[in-house]
$ cat input38.txt   # compact mmCIF, C-alpha atoms (C1' of nucleotides)
# COMPACT_ATOMS: atom_id res chain seq x y z
CA MET A 1 87.10 118.16 110.45
CA ALA A 2 87.61 114.82 108.86
CA HIS A 3 85.03 113.20 111.09
CA LEU A 4 82.19 115.32 109.79
CA ASP A 5 83.44 114.67 106.26
CA ARG A 6 83.11 110.96 106.80
CA ILE A 7 79.74 111.15 108.51
CA PHE A 8 78.12 113.25 105.82
CA HIS A 9 79.76 111.17 103.15
CA SER A 10 78.24 108.08 104.71
CA LEU A 11 74.84 109.71 104.64
CA SER A 12 75.17 110.72 101.00
CA ASP A 13 74.42 107.24 99.69
CA SER A 14 70.90 105.89 99.68
CA THR A 15 72.00 102.31 100.33
CA ARG A 16 73.78 103.43 103.46
CA ARG A 17 70.87 105.58 104.59
CA ALA A 18 68.61 102.56 104.16
CA VAL A 19 70.94 100.50 106.33
CA ILE A 20 70.83 103.16 109.01
CA ALA A 21 67.05 103.28 108.77
CA GLN A 22 66.87 99.53 109.18
CA LEU A 23 69.29 99.49 112.08
CA ALA A 24 67.25 102.17 113.80
CA HIS A 25 64.65 99.45 114.31
CA GLY A 26 67.18 97.16 115.91
CA PRO A 27 70.44 95.27 115.38
CA ALA A 28 70.80 93.03 112.36
CA SER A 29 73.34 90.78 110.73
CA VAL A 30 75.15 91.73 107.54
CA GLY A 31 73.12 89.07 105.76
CA ASP A 32 69.83 90.49 107.03
CA LEU A 33 70.81 93.94 105.94
CA ALA A 34 72.14 92.86 102.57
CA GLN A 35 68.98 90.97 101.56
CA ARG A 36 66.95 93.99 100.54
CA HIS A 37 69.72 95.52 98.52
CA SER A 38 70.14 93.64 95.29
CA MET A 39 73.89 93.84 95.24
CA ALA A 40 76.75 91.38 95.60
CA LEU A 41 77.82 90.84 99.18
CA PRO A 42 81.32 92.25 98.79
CA SER A 43 79.87 95.44 97.34
CA PHE A 44 77.46 95.66 100.23
CA MET A 45 80.20 95.03 102.76
CA LYS A 46 82.00 98.12 101.53
CA HIS A 47 79.03 100.19 102.60
CA VAL A 48 79.01 98.58 105.99
CA ARG A 49 82.67 99.37 106.38
CA VAL A 50 82.11 102.99 105.39
CA LEU A 51 79.43 103.20 108.06
CA GLU A 52 81.79 101.73 110.60
CA GLU A 53 84.65 104.02 109.68
CA SER A 54 82.42 107.01 110.13
CA GLU A 55 81.48 105.63 113.53
CA ILE A 56 77.81 105.43 112.77
CA VAL A 57 77.66 101.67 113.08
CA ILE A 58 79.51 99.16 115.19
CA SER A 59 79.65 95.46 114.56
CA ARG A 60 81.22 92.38 115.95
CA LYS A 61 81.40 88.88 114.78
CA MET A 62 79.57 86.20 116.67
CA GLY A 63 80.33 82.83 115.21
CA ARG A 64 80.25 83.27 111.49
CA VAL A 65 77.67 86.03 111.66
CA ARG A 66 78.53 89.71 111.95
CA MET A 67 75.96 91.64 113.93
CA CYS A 68 75.62 95.34 113.25
CA GLN A 69 74.17 97.96 115.46
CA LEU A 70 73.55 101.65 115.30
CA ARG A 71 75.82 103.61 117.53
CA PRO A 72 73.97 105.76 120.04
CA ASP A 73 74.40 109.47 119.28
CA ALA A 74 76.05 108.64 115.98
CA LEU A 75 73.87 111.11 114.18
CA ALA A 76 74.09 113.73 116.90
CA VAL A 77 77.35 115.05 115.47
CA ALA A 78 75.75 115.72 112.12
CA GLN A 79 72.64 117.14 113.71
CA GLY A 80 74.75 119.37 115.89
CA TRP A 81 76.51 120.93 112.93
CA LEU A 82 73.27 121.50 111.06
CA GLU A 83 71.59 123.04 114.07
CA ARG A 84 74.45 125.39 114.77
CA GLU A 85 74.50 126.67 111.22
CA ARG A 86 70.78 126.99 111.08
CA HIS A 87 70.78 128.88 114.31
CA ILE A 88 73.33 131.39 113.04
CA TRP A 89 71.36 131.75 109.86
CA GLU A 90 68.06 132.24 111.62
CA SER A 91 69.24 134.64 114.25
CA ARG A 92 70.68 136.67 111.42
CA LEU A 93 67.30 136.74 109.75
CA ASP A 94 65.81 137.90 113.03
CA ARG A 95 68.29 140.72 113.23
CA LEU A 96 67.48 141.57 109.64
CA ASP A 97 63.81 141.72 110.54
CA SER A 98 64.38 144.15 113.34
CA PHE A 99 66.67 146.11 111.08
CA VAL A 100 63.89 146.34 108.55
CA GLU A 101 61.47 147.34 111.31
CA THR A 102 63.85 150.06 112.36
CA LEU A 103 63.96 151.28 108.81
CA ALA A 104 60.19 151.22 108.69
CA GLU A 105 59.97 153.27 111.86
CA GLN A 106 62.40 155.83 110.53
CA ASP A 107 60.35 155.78 107.39
CA ASN A 108 57.27 156.65 109.43
CA THR A 109 59.08 159.33 111.37
CA HIS A 110 60.57 161.07 108.39
CA GLY A 111 57.73 160.55 105.98
CA ARG A 112 57.68 158.07 103.11
CA LYS A 113 58.96 158.04 99.53
CA MET B 1 66.09 110.06 97.01
CA ALA B 2 68.63 111.74 94.85
CA HIS B 3 68.05 115.06 96.54
CA LEU B 4 69.21 113.82 99.94
CA ASP B 5 72.19 112.23 98.21
CA ARG B 6 73.21 115.57 96.81
CA ILE B 7 72.59 117.48 100.00
CA PHE B 8 74.65 115.16 102.18
CA HIS B 9 77.32 114.95 99.53
CA SER B 10 77.55 118.73 99.56
CA LEU B 11 77.98 118.67 103.30
CA SER B 12 80.71 116.05 103.17
CA ASP B 13 83.39 118.50 102.09
CA SER B 14 84.92 120.91 104.56
CA THR B 15 85.39 123.65 101.97
CA ARG B 16 81.71 123.55 101.19
CA ARG B 17 80.74 123.45 104.85
CA ALA B 18 82.90 126.51 105.40
CA VAL B 19 81.11 128.28 102.58
CA ILE B 20 77.77 127.46 104.15
CA ALA B 21 79.02 128.68 107.50
CA GLN B 22 80.14 131.94 105.95
CA LEU B 23 76.90 132.41 104.05
CA ALA B 24 74.95 131.83 107.24
CA HIS B 25 76.28 135.21 108.31
CA GLY B 26 75.02 136.83 105.16
CA PRO B 27 75.26 136.87 101.37
CA ALA B 28 78.66 137.13 99.71
CA SER B 29 80.22 137.21 96.29
CA VAL B 30 82.14 134.28 94.87
CA GLY B 31 85.30 136.32 95.26
CA ASP B 32 84.60 137.04 98.93
CA LEU B 33 83.97 133.39 99.57
CA ALA B 34 86.96 132.18 97.60
CA GLN B 35 89.46 134.40 99.42
CA ARG B 36 89.81 132.27 102.53
CA HIS B 37 90.21 129.07 100.61
CA SER B 38 93.64 128.91 99.07
CA MET B 39 92.52 127.32 95.88
CA ALA B 40 92.31 128.37 92.24
CA LEU B 41 89.07 130.07 91.37
CA PRO B 42 87.85 127.45 88.90
CA SER B 43 88.33 124.77 91.55
CA PHE B 44 86.42 126.84 94.02
CA MET B 45 83.63 127.49 91.55
CA LYS B 46 83.04 123.78 91.31
CA HIS B 47 82.17 123.73 94.99
CA VAL B 48 79.78 126.62 94.54
CA ARG B 49 78.09 124.78 91.72
CA VAL B 50 77.77 121.64 93.82
CA LEU B 51 76.11 123.73 96.50
CA GLU B 52 73.73 125.20 93.97
CA GLU B 53 72.85 121.86 92.44
CA SER B 54 71.98 120.52 95.85
CA GLU B 55 69.79 123.58 96.32
CA ILE B 56 71.60 124.76 99.39
CA VAL B 57 72.79 127.96 97.80
CA ILE B 58 71.33 130.25 95.19
CA SER B 59 73.26 132.85 93.28
CA ARG B 60 72.75 135.37 90.59
CA LYS B 61 75.04 137.56 88.71
CA MET B 62 74.89 141.28 89.25
CA GLY B 63 77.21 143.02 86.88
CA ARG B 64 80.36 140.97 86.81
CA VAL B 65 79.94 139.82 90.37
CA ARG B 66 78.06 136.67 91.35
CA MET B 67 76.32 137.01 94.67
CA CYS B 68 75.62 133.86 96.65
CA GLN B 69 73.12 133.35 99.34
CA LEU B 70 72.02 130.54 101.61
CA ARG B 71 68.65 129.17 100.71
CA PRO B 72 66.17 129.34 103.56
CA ASP B 73 65.32 125.86 104.86
CA ALA B 74 68.05 124.36 102.72
CA LEU B 75 69.33 122.37 105.66
CA ALA B 76 65.88 121.47 106.91
CA VAL B 77 65.69 118.51 104.54
CA ALA B 78 68.84 117.02 105.99
CA GLN B 79 67.80 117.80 109.52
CA GLY B 80 64.42 116.25 108.89
CA TRP B 81 65.94 112.96 107.82
CA LEU B 82 68.29 112.85 110.78
CA GLU B 83 65.55 113.67 113.23
CA ARG B 84 63.20 111.03 111.88
CA GLU B 85 65.83 108.33 112.12
CA ARG B 86 66.88 109.40 115.55
CA HIS B 87 63.30 109.39 116.68
CA ILE B 88 62.76 105.83 115.49
CA TRP B 89 65.96 104.79 117.14
CA GLU B 90 65.15 106.46 120.41
CA SER B 91 61.58 105.31 120.69
CA ARG B 92 62.91 101.82 120.10
CA LEU B 93 65.28 102.25 123.02
CA ASP B 94 62.32 103.38 125.11
CA ARG B 95 60.36 100.28 124.19
CA LEU B 96 63.40 98.21 125.04
CA ASP B 97 63.50 99.83 128.44
CA SER B 98 59.89 98.95 129.15
CA PHE B 99 60.52 95.48 127.82
CA VAL B 100 63.35 95.10 130.26
CA GLU B 101 61.12 96.44 133.01
CA THR B 102 58.49 93.89 132.09
CA LEU B 103 61.07 91.17 132.34
CA ALA B 104 62.13 92.49 135.71
CA GLU B 105 58.55 92.42 136.95
CA GLN B 106 58.07 88.85 135.82
CA ASP B 107 61.31 88.10 137.48
CA ASN B 108 59.93 89.48 140.71
CA THR B 109 56.66 87.61 140.32
CA HIS B 110 58.15 84.24 139.55
CA GLY B 111 61.18 84.45 141.75
CA ARG B 112 64.71 84.84 140.47
CA LYS B 113 67.23 82.34 139.07
C1' DG C 1 84.13 64.62 107.73
C1' DG C 2 81.81 66.82 104.02
C1' DA C 3 78.57 70.13 102.54
C1' DT C 4 76.55 74.65 103.49
C1' DT C 5 76.38 79.13 105.23
C1' DA C 6 78.20 83.69 106.07
C1' DG C 7 81.65 86.57 105.37
C1' DT C 8 86.17 88.11 103.57
C1' DT C 9 90.10 89.19 100.37
C1' DA C 10 91.91 90.43 96.10
C1' DG C 11 91.66 92.53 92.05
C1' DC C 12 89.26 94.52 87.98
C1' DC C 13 86.54 98.27 85.89
C1' DA C 14 83.92 102.63 84.84
C1' DT C 15 82.74 106.83 86.55
C1' DA C 16 82.97 110.72 89.82
C1' DT C 17 85.56 114.00 92.53
C1' DG C 18 88.65 117.64 93.55
C1' DG C 19 92.45 119.86 92.27
C1' DC C 20 95.18 122.41 88.47
C1' DT C 21 96.28 125.61 84.17
C1' DC C 22 95.40 128.37 80.24
C1' DA C 23 92.42 130.85 77.32
C1' DC C 24 88.33 133.55 77.17
C1' DC C 25 84.41 136.77 78.02
C1' DT C 26 81.94 140.62 80.37
C1' DT C 27 81.60 144.56 83.08
C1' DG C 28 83.43 148.66 85.22
C1' DA C 29 86.84 152.09 85.67
C1' DT C 30 90.07 155.52 83.42
C1' DA D 1 89.23 152.67 73.62
C1' DT D 2 91.77 150.25 76.77
C1' DC D 3 92.76 147.89 80.81
C1' DA D 4 91.71 145.50 85.13
C1' DA D 5 88.53 142.74 87.77
C1' DG D 6 85.67 138.87 88.35
C1' DG D 7 84.27 135.01 86.63
C1' DT D 8 83.76 130.98 83.11
C1' DG D 9 84.89 127.07 80.09
C1' DA D 10 87.71 123.45 78.47
C1' DG D 11 90.52 120.03 79.42
C1' DC D 12 94.20 117.54 82.09
C1' DC D 13 95.44 114.65 86.07
C1' DA D 14 95.47 111.66 90.31
C1' DT D 15 92.72 109.53 93.46
C1' DA D 16 88.29 107.86 95.36
C1' DT D 17 83.93 105.53 94.84
C1' DG D 18 80.75 101.95 93.91
C1' DG D 19 79.95 98.13 91.48
C1' DC D 20 81.51 93.27 89.89
C1' DT D 21 83.67 88.24 89.98
C1' DA D 22 86.41 84.54 91.65
C1' DA D 23 88.74 82.32 95.12
C1' DC D 24 89.28 81.70 100.05
C1' DT D 25 88.29 81.00 105.33
C1' DA D 26 85.77 79.80 109.18
C1' DA D 27 81.63 78.29 111.56
C1' DT D 28 77.67 75.19 111.65
C1' DC D 29 74.83 71.42 110.19
C1' DC D 30 73.92 66.33 108.86
$ encode --input "input38.txt" --output "structure tokens"
Amino acid sequence: MAHLDRIFHSLSDSTRRAVIAQLAHGPASVGDLAQRHSMALPSFMKHVRVLEESEIVISRKMGRVRMCQLRPDALAVAQGWLERERHIWESRLDRLDSFVETLAEQDNTHGRK
Amino acid sequence: MAHLDRIFHSLSDSTRRAVIAQLAHGPASVGDLAQRHSMALPSFMKHVRVLEESEIVISRKMGRVRMCQLRPDALAVAQGWLERERHIWESRLDRLDSFVETLAEQDNTHGRK
DNA sequence: GGATTAGTTAGCCATATGGCTCACCTTGAT
DNA sequence: ATCAAGGTGAGCCATATGGCTAACTAATCC
């Protein structure tokens, strides 16, 4: 799934994660966002575009300012994948536990060593 | 944090996600894992190494076979980050709601328009 | 209307990524 | 002792990524 690829790729850069973190507190202009990241504007804009292409951020231009905003449920897709995998993994561990318990019981029944 | 960088980067490739998904069902050898991915072994091994370097997978060689295994709580780090951000984002939306409510109340008090 | 602000476009550069082949090394089977 | 299986290592290649500068456009301010 190309969408997940793009989402996780977006998240793999600390500049972009910082932008997300900042936007979680509320909308901000590109200029606002760029300030804290000592980086030329065009370089920074690339990150913004990556975030938009992965549908984590939306922006529109008002006058000469571009306002950015976190997209509701943007991160849900990523979270969903992680949770599914973790669930599979954990329910497997549960089954393993009971398997081990079964072994232990048989062990008790038939004597040990 | 470089660790998060590596984790999310690992997750940004569908081959690697597939490996994780397969390992969630239980340990497997490199050969087992490689089978479903039509790709030369050395190429595939690179993915395995990426997964190891991001501490999602651990492996050790038994005889001539390398067994791979998902690392417990490997994905928790990623999930943690996502959940924190989402929480900030959502509690902000809540505050916004109450802010809007406050406005509405004042609106009622002072008459509208 | 001229300067300033806020982006945007284009293009350059170094490094990283994801694929490949070919040669090699161990281990296990015969 | 030899051969096959299962990786590994080295190195090539094309494309992607993340940074830069310089030049441009479009709004806003004085």
$ interface_residues --input "input38.txt" --of "chain C" --to "chain A" --cutoff "12 Å" --atoms "only C-alpha atoms (C1' of nucleotides)" --output "list in words"
DT5, DA6, DG7, DT8, DT9 and DA10 of chain C
$ closest_residue --input "input38.txt" --among "D:DG18, D:DC29, D:DT2, D:DC24" --to "chain A" --atoms "all atoms listed in the file"
D:DG18
$ interface_residues --input "input38.txt" --of "chain D" --to "chain B" --cutoff "9 Å" --atoms "only C-alpha atoms (C1' of nucleotides)" --output "ChimeraX atom specification"
/D:5-8
$ closest_residue --input "input38.txt" --among "B:Glu90, B:Asp73, B:Glu85, B:Glu52" --to "Arg6 (chain B)" --atoms "only C-alpha atoms"
B:Glu52
$ residues_near_point --input "input38.txt" --point "(77.9, 129.9, 79.5)" --cutoff "12 Å" --atoms "all atoms listed in the file" --output "ChimeraX atom specification"
/C:24-26 /D:7-10
$ atom_distance --input "input38.txt" --atom1 "CA of Ile88 (chain A)" --atom2 "CA of Ala24 (chain B)"
6.0 Å
$ closest_atom_pairs --input "input38.txt" --of "chain B" --to "chain A" --cutoff "6 Å" --atoms "all atoms listed in the file" --output "JSON lines"
{"residue": "B:Asp5", "atom": "CA", "partner": "A:Ser12", "partner_atom": "CA", "distance": 4.4}
{"residue": "B:Phe8", "atom": "CA", "partner": "A:Ser12", "partner_atom": "CA", "distance": 4.6}
{"residue": "B:His9", "atom": "CA", "partner": "A:Ser12", "partner_atom": "CA", "distance": 5.0}
{"residue": "B:Leu11", "atom": "CA", "partner": "A:Phe8", "partner_atom": "CA", "distance": 6.0}
{"residue": "B:Ser12", "atom": "CA", "partner": "A:Asp5", "partner_atom": "CA", "distance": 4.3}
{"residue": "B:Asp13", "atom": "CA", "partner": "A:Asp5", "partner_atom": "CA", "distance": 5.7}
{"residue": "B:Ala24", "atom": "CA", "partner": "A:Trp89", "partner_atom": "CA", "distance": 4.4}
{"residue": "B:Trp89", "atom": "CA", "partner": "A:Ala24", "partner_atom": "CA", "distance": 4.4}
$ closest_residue --input "input38.txt" --among "B:Asp32, B:Pro27, B:Lys46, B:Val19" --to "DG18 (chain C)" --atoms "all atoms listed in the file"
B:Lys46
$ residues_around --input "input38.txt" --residues "DG11 (chain C)" --least-positions-apart "6" --cutoff "12 Å" --atoms "only C-alpha atoms (C1' of nucleotides)" --output "NGL selection string"
:D and (20-23)
$ closest_residue --input "input38.txt" --among "B:Ala28, B:Ala34, B:Ile56, B:His47" --to "DT17 (chain C)" --atoms "only C-alpha atoms (C1' of nucleotides)"
B:His47
$ atom_distance --input "input38.txt" --atom1 "C1' of DT28 (chain D)" --atom2 "C1' of DT4 (chain C)"
8.3 Å
$ atom_distance --input "input38.txt" --atom1 "CA of Val57 (chain B)" --atom2 "C1' of DT27 (chain C)"
23.9 Å
$ axis_aligned_box --input "input38.txt" --around "region 39-43 of chain B" --padding-each-side "5 Å" --output "JSON"
{"center_x": 90.2, "center_y": 127.4, "center_z": 92.4, "size_x": 14.7, "size_y": 15.3, "size_z": 17.0}
$ residues_near_point --input "input38.txt" --point "(93.4, 117.2, 82.4)" --cutoff "12 Å" --atoms "only C-alpha atoms (C1' of nucleotides)" --output "list in words"
DG19, DC20, DT21 and DC22 of chain C; DA10, DG11, DC12, DC13 and DA14 of chain D
